[in-house]
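J.: One structure, pasted below without further comment.
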Amino acid sequence: MVSSARKSSVGNLPARMDEFVGRHQELADIRHAMETSRLVTLVGPGGVGKTRLALQVAADFQRAFPQGVWFVDVALLQDPELLAPTVASVLELSTKSSSWGPWQLGQQLADRSMVLILDNCEHLIEATAKLADALLRSGPRMKILATSRRPLEVRGEHLRALRPLRVPVEGRDADLDELKRSDAVRLFLDRAAAVEPGFALTAENASAVAELCRQLDGLPLALELAAARIRHLSPQQILDRFDRRFELLRTGSALAAPRQRSLHSLIAWSYDLCTREERELWTRLTVFSGTFSAPAAEAVCSGTIVAQEDILDLLARLVDRSIVTTVRQSSEVRYSMLGTIRAFGREHLAGGEEEVRLRRRHRDYFRNRLTSHYPLWFGPGQHETMAWVRSERDNLRAAIDFCLAEPMDTRSTAAIASGLGGEALLTGRLGEGRHWIGRVLSVVDEDCVERAILLWLAGECAELQGDFEMAEGFLRRAQQTATVIGARHEETMATIFLGVLRMSLGAFGEAVELFDRALGSIVGDDPLACALLLMNKGKAVHHLGNGPAGIRMCREAVAVCEHHGEYWHRAQALWQLANLRWHDRETDEAAELAAESLRLQRAFRNSVGIARCVETLAWIAEERNEHSRAARLLGCADALWRATDALLDPQSVDHHQRCRDLAMLGLGERAFKREFETGVRAPVTEGIAFALRETAPPSTRISGVKDVRLTPREWEIADLLSRGASNRDIASKLVISPRTVEGHVVNLLSKLGFSSRVQVAVWMAEHGDDRDPLNPGI
C-alpha cells in the first residue's frame with residue numbers, strides 16, 4: 001500500500017547551506033546523461049564531491065518528475081538486507097509483507113515518475129546493483145542517480161567519472177585573475193571567507209593558496225577542511241604543517257558523517273573496503289611518482305601476496321574503486337594516484353625493509369630501461385625513447401632522490417641522471433638537466449662511462465645557457481674521464497662540444513682543430529658523433545670563408561641522419577644549413593630548410609630548437625623586405641627565448657639586432673611595436689603556425705560555434721552570465737553601467753549565434769577552458 005504523496009514539496013532533497021562552486025562542464029554532462037539514460041552513476045574517490053554534484057543536478061529535475069526527487073544515504077547502512085526497507089521508509093511506503101526486497105519495492109514504485117538518488121553505495125555495491133536493476137525493470141518512468149567509489153555494473157548504467165577540481169597551473173601564481181578562474185581556488189576562498197569574513201586572495205597569500213590547492217589535489221573535502229583552519233592559520237602556515245596533513249585536516253563537527261570528519265578517516269573508509277591483495281598493491285604503488293605504466297607496476301610491485309600475473313587485474317579493480325585513476329596518452333593507458341591517497345598508502349609502507357626493497361626495485365627498473373634505450377637516442381626509436389623519458393620524468397626524479405639518499409650504487413645514480421640530462425638537452429629543459437646532473441656529480445667520483453656522459457651533457461647544457469666557463473670545465477673533465485677508461489665515444493662527444501664552445505666564443509679556427517681531433521678519435525660506426533661533427537664543422541668552415549665546403553658538410557650531416565632514420569639531430573642540421581643558406585642570400589632554400597626543421601622541433605617539443613628556427617625565419621622575412629612578418633616573428637622568438645633558459649649565441653645576437661633595426665626602419669617605430677607585441681602575446685602553438693604559414697591551430701578557436709573570437713571583456717561577461725548574474729550584477733562587478741552591459745550581452749549573443757543566456761551558460765560549461773590565459777582575447 002502506497003501512502004499519499006506529499007502535498008507541499010515532493011521529495012526530500014536537503015537544503016543547500018553554501019554556494020556550489022564550479023563544475024560547469026560536469027553539471028552539463030550529467031544533466032545530459034540523466035536525460036538520455038535511466039541509471040547514471042557518479043564514480044570517484046572519497047571527498048571529490050560526488051554527493052554535492054548529485055544534489056545540484058537533482059535539484060534541476062524536481063519539477064520534471066511529478067513524484068519528486070528522493071535522496072537516500074546508503075552509507076548509514078551496514079546490512080544489505082536493510083537497503084530496500086530503508087528506501088521504502090524514505091519514500092514513506094508501507095507493507096504487510098514479512099520481507100521487503102528489491103522486487104517488492106519495484107512493484108510498489110512501478111507507476112511512479114521520479115528520481116531516486118542512492119548516495120555512497122560502494123560498501124553495499126551488490127545489494128545496490130540488485131535494487132537498481134529491480135526498480136528500473138519495474139518502473140519505466142523512474143530514473144536513478146547513484147554515487148559510489150566503484151561502478152554498480154548494472155545493464156544500461158551510464159558512468160560519469162568525477163575528477164577533482166581544476167587546480168592552478170604552476171608558474172602563474174602571480175596572476176590573481178587567473179587564479180580565481182581555478183575552481184579549487186574559488187572553493188577554498190569561498191569556504192575560508194565563510195569562517196573568516198574578509199579573507200580574500202592577495203598578492204601576499206596567492207602563491208600559498210595556489211600551492212595548497214595543488215598539494216590537496218583539488219579535492220573538495222580536503223579544501224574545505226583546510227579552509228576551516230583559516231580562522232587560526234594563514235595559508236602558508238597550513239602549508240608549513242603539510243607533512244602532518246591527516247592530523248591537520250579534520251573537523252570536530254558532530255554534524256559531519258564519521259568518515260568525513262577527517263581526510264584520514266575518509267580514505268580509511270576506502271581502504272577497509274579493499275581486499276588484502278588490493279590493499280597490498282595500493283601501498284606498493286606509492287613508490288611511484290606521478291604516473292606509471294602497467295609494465296612498471298608488474299616489475300616493481302610483484303612478490304608475496306601480489307603475483308605479477310594478477311597486477312593488471314588488481315589495477316583495474318583499484319581503478320573501479322577510485323583509488324587509482326587512468327591517464328590516457330596517445331599510445332598507452334597510464335595510471336596515477338591522488339597525492340592524498342598516495343600519502344595514506346605510504347603510511348602503511350613507511351619505515352620498513354619492504355619500502356627500501358621496493359624503492360631499489362623501482363630504481364633498478366628505470367636504470368635498466370634507460371641503459372637498454374641508450375643506443376636509441378640516435379635512430380628510429382628516438383622519438384619513442386624521449387616520449388618515454390618525458391612520461392617517466394617524475395619517476396626518474398624519485399629514483400635519483402632515493403639513490404642520493406642511499407649512495408651505494410653510484411653508477412645507477414649516474415645512469416638515471418643521464419636520462420634526465422639527455423632529455424633536458426634534447427627538449428631545452430637545460431636548467432633542470434643541470435640541476436640533477438650537478439647533484440649526482442657531487443657524489444659520483446668514480447671514473448666510469450656514466451660519469452663521462454654526465455659531464456659532457458652538463459657541458460653542453462651550460463654552453464647553451466651562455467655559462468662558458470663552467471661549460472669548459474665540464475667538457476675538459478669529460479675528456480679526461482673518457483680517456484682514462486678508454487671510452488672513445490664519450491671522448492669524441494666531449495671534444496666536439498668543446499669545438500662548439502669555441503665557436504660560441506668566436507674562435508672558429510680553434511673549433512676546426514678540435515673537430516679534426518674528434519674525427520681522429522671516432523672508432524667504427526658512430527653516426528651520432530659523425531652527424532654532430534659534420535654540422536658543426538660545416539658552420540665553422542663556412543664562417544672561415546670556405547662556403548661550399550661548409551654547405552657540403554651540413555648536407556652530409558643531414559644525409560647521415562636520414563640514413564639512420566634519425567630526426568632530432570636532422571632538425572639541428574637542417575637549421576644549421578638554413579642559416580648558412582640565409583647567409584649566402586639563398587633565402588627561398590633557407591626558408592624551406594628552417595620550416596622543415598621547425599616542424600621536427602615542434603614534434604619533439606624542443607623549446608630551444610623552436611626558438612632558433614623562428615629566429616632564423618624572422619631574419620629571412622626581413623631579407624625579403626617582409627617587415628611586418630619579421631617584426632611579429634621577432635616577437636614570437638623573443639617570447640620563446642624568455643620561456644627557455646638558453647641564450648642566443650653571440651653571432652645570432654648581432655643578426656637579431658640587425659633584423660630588428662631594419663624592420664623598425666621599414667615599418668616605423670609604432671607599427672613595429674604593434675607587430676612585435678602581437679608576436680610576444682601569441683601562444684606558442686599560434687606563433688609556430690604563423691612562422692610556418694599555417695592556419696591558426698584549432699585549439700585557439702572556439703569549437704562548436706562559427707569561427708569566432710571573444711574579446712577579454714566578452715569572456716568576462718560570458719563567465720558571469722554562466723554563473724547566473726543579472727545585468728545589474730555584472731555592471732557592479734565590472735564597474736560599468738547596466739546599459740553598457742546590455743549592449744555587451746546583445747553583441748555576445750549575436751556573435752555566438754544564441755538567443756538566450758541559458759545557451760551561454762551551457763556553452764561556457766563546454767568551452768570555458770578554451771580561453772587562453774596568456775592571450776585572453778583569442
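Order determines the names: the first chain of the C-alpha cells is A, the second B, and so forth; residues in each chain are numbered 1 upward, and ligands are numbered 1 upward as they are shown.
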Mind listing the strand (DSSP E) residues of range 16-257 of chain A, per DSSP on the backbone, as a VMD selection string?

T.: chain A and resid 39 to 43 69 to 73 114 to 119 142 to 148 157 to 161

J.: According to DSSP computed on the backbone, where in range 65-271 of chain A is there alpha helix (DSSP H)? Give the residues as a ChimeraX atom specification.

T.: /A:83-90,102-108,125-138,176-180,183-195,206-215,220-227,235-240,245-248,263-271

J.: Report, in Å with one decimal, the straight-line distance from CA of Glu19 in chain A to CA of Ala226 in chain A.

T.: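 If I compute the distance from CA of Glu19 in chain A to CA of Ala226 in chain A, I get 17.1 Å.
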
J.: List as a PDB file with N, CA, C and O atoms, in the first residue's frame the protein and nucleic acid residues near Gly547 in chain A, meaning an atom at most 9 Å away when only C-alpha atoms are counted, but skip any in the same chain fewer than 5 places from it.

T.:
ATOM      1  N   GLY A 538      80.895  22.192 -40.451  1.00  0.00           N
ATOM      2  CA  GLY A 538      80.381  22.904 -41.620  1.00  0.00           C
ATOM      3  C   GLY A 538      80.154  24.376 -41.321  1.00  0.00           C
ATOM      4  O   GLY A 538      80.503  25.253 -42.123  1.00  0.00           O
ATOM      5  N   LYS A 539      79.598  24.666 -40.155  1.00  0.00           N
ATOM      6  CA  LYS A 539      79.380  26.064 -39.771  1.00  0.00           C
ATOM      7  C   LYS A 539      80.711  26.792 -39.622  1.00  0.00           C
ATOM      8  O   LYS A 539      80.871  27.922 -40.116  1.00  0.00           O
ATOM      9  N   VAL A 541      83.740  26.071 -40.906  1.00  0.00           N
ATOM     10  CA  VAL A 541      84.426  26.216 -42.191  1.00  0.00           C
ATOM     11  C   VAL A 541      83.773  27.306 -43.038  1.00  0.00           C
ATOM     12  O   VAL A 541      84.445  28.123 -43.687  1.00  0.00           O
ATOM     13  N   HIS A 542      82.442  27.327 -43.040  1.00  0.00           N
ATOM     14  CA  HIS A 542      81.705  28.356 -43.789  1.00  0.00           C
ATOM     15  C   HIS A 542      82.076  29.733 -43.269  1.00  0.00           C
ATOM     16  O   HIS A 542      82.300  30.675 -44.050  1.00  0.00           O
ATOM     17  N   ARG A 552      78.491  21.643 -47.985  1.00  0.00           N
ATOM     18  CA  ARG A 552      78.579  20.207 -48.257  1.00  0.00           C
ATOM     19  C   ARG A 552      78.575  19.398 -46.953  1.00  0.00           C
ATOM     20  O   ARG A 552      77.899  18.364 -46.865  1.00  0.00           O
ATOM     21  N   LEU A 580      73.199  28.920 -42.942  1.00  0.00           N
ATOM     22  CA  LEU A 580      74.267  29.113 -43.917  1.00  0.00           C
ATOM     23  C   LEU A 580      73.702  29.577 -45.259  1.00  0.00           C
ATOM     24  O   LEU A 580      74.279  30.469 -45.918  1.00  0.00           O
ATOM     25  N   ASP A 584      74.204  33.086 -47.359  1.00  0.00           N
ATOM     26  CA  ASP A 584      74.573  33.138 -48.776  1.00  0.00           C
ATOM     27  C   ASP A 584      73.514  33.822 -49.638  1.00  0.00           C
ATOM     28  O   ASP A 584      73.602  33.795 -50.874  1.00  0.00           O
TER      29      ASP A 584
END

J.: I'd like to know which of A:Val185, A:Leu314, A:Leu396, A:Leu91 is closest to Cys301 in chain A, using only C-alpha atoms.

T.: A:Leu314

J.: Could you check which of A:Ile416, A:Leu534, A:Leu13, A:Ala637 is closest to Val72 in chain A, using only C-alpha atoms?

T.: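 Among the listed residues, A:Leu13 lies closest to Val72 in chain A.
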
J.: Please indicate the distance in Å from CA of Ala28 in chain A to CA of Ile730 in chain A, rounded to one decimal place.

T.: 22.9 Å

J.: Pick out the residues sitting within 9 Å of range 275-287 of chain A, and hand them over as number ranges by chain; count only C-alpha atoms, and ignore anything fewer than 6 positions along from it in its own chain.

T.: A: 297, 300-302, 305-306, 311, 314-315, 317-318, 323-324, 337, 341-349, 354-355, 358-359, 362, 395, 398

J.: Write the residues of the preceding selection, restricted to C-alpha atoms, as a PDB file, in the first residue's frame.

T.:
ATOM      1  CA  ALA A 297      53.849  -1.822 -11.746  1.00  0.00           C
ATOM      2  CA  VAL A 300      58.266  -3.273  -9.233  1.00  0.00           C
ATOM      3  CA  CYS A 301      55.256  -4.334  -7.153  1.00  0.00           C
ATOM      4  CA  SER A 302      55.031  -8.101  -7.636  1.00  0.00           C
ATOM      5  CA  ILE A 305      50.627 -11.682  -1.699  1.00  0.00           C
ATOM      6  CA  VAL A 306      50.615  -9.902  -5.090  1.00  0.00           C
ATOM      7  CA  ILE A 311      48.665  -6.993 -11.065  1.00  0.00           C
ATOM      8  CA  LEU A 314      44.234  -5.658  -9.400  1.00  0.00           C
ATOM      9  CA  LEU A 315      44.993  -2.312 -11.049  1.00  0.00           C
ATOM     10  CA  ARG A 317      39.912  -3.177  -9.526  1.00  0.00           C
ATOM     11  CA  LEU A 318      41.673  -0.225  -7.860  1.00  0.00           C
ATOM     12  CA  ILE A 323      41.871   4.555  -5.683  1.00  0.00           C
ATOM     13  CA  VAL A 324      43.860   4.660  -8.918  1.00  0.00           C
ATOM     14  CA  MET A 337      47.070   8.266  -7.621  1.00  0.00           C
ATOM     15  CA  ILE A 341      45.595   8.715  -1.438  1.00  0.00           C
ATOM     16  CA  ARG A 342      49.285   8.062  -2.097  1.00  0.00           C
ATOM     17  CA  ALA A 343      50.220   9.612   1.276  1.00  0.00           C
ATOM     18  CA  PHE A 344      47.732   7.358   3.069  1.00  0.00           C
ATOM     19  CA  GLY A 345      49.142   4.252   1.382  1.00  0.00           C
ATOM     20  CA  ARG A 346      52.689   5.349   2.164  1.00  0.00           C
ATOM     21  CA  GLU A 347      51.816   5.455   5.866  1.00  0.00           C
ATOM     22  CA  HIS A 348      51.264   1.696   5.701  1.00  0.00           C
ATOM     23  CA  LEU A 349      54.602   1.210   3.962  1.00  0.00           C
ATOM     24  CA  GLU A 354      59.738  -3.532   2.465  1.00  0.00           C
ATOM     25  CA  GLU A 355      59.852   0.118   1.438  1.00  0.00           C
ATOM     26  CA  LEU A 358      60.532  -1.673  -3.344  1.00  0.00           C
ATOM     27  CA  ARG A 359      62.472   1.537  -3.913  1.00  0.00           C
ATOM     28  CA  HIS A 362      61.917   0.927  -8.660  1.00  0.00           C
ATOM     29  CA  ASN A 395      59.721   8.557 -11.520  1.00  0.00           C
ATOM     30  CA  ALA A 398      62.183   9.954  -7.421  1.00  0.00           C
TER      31      ALA A 398
END
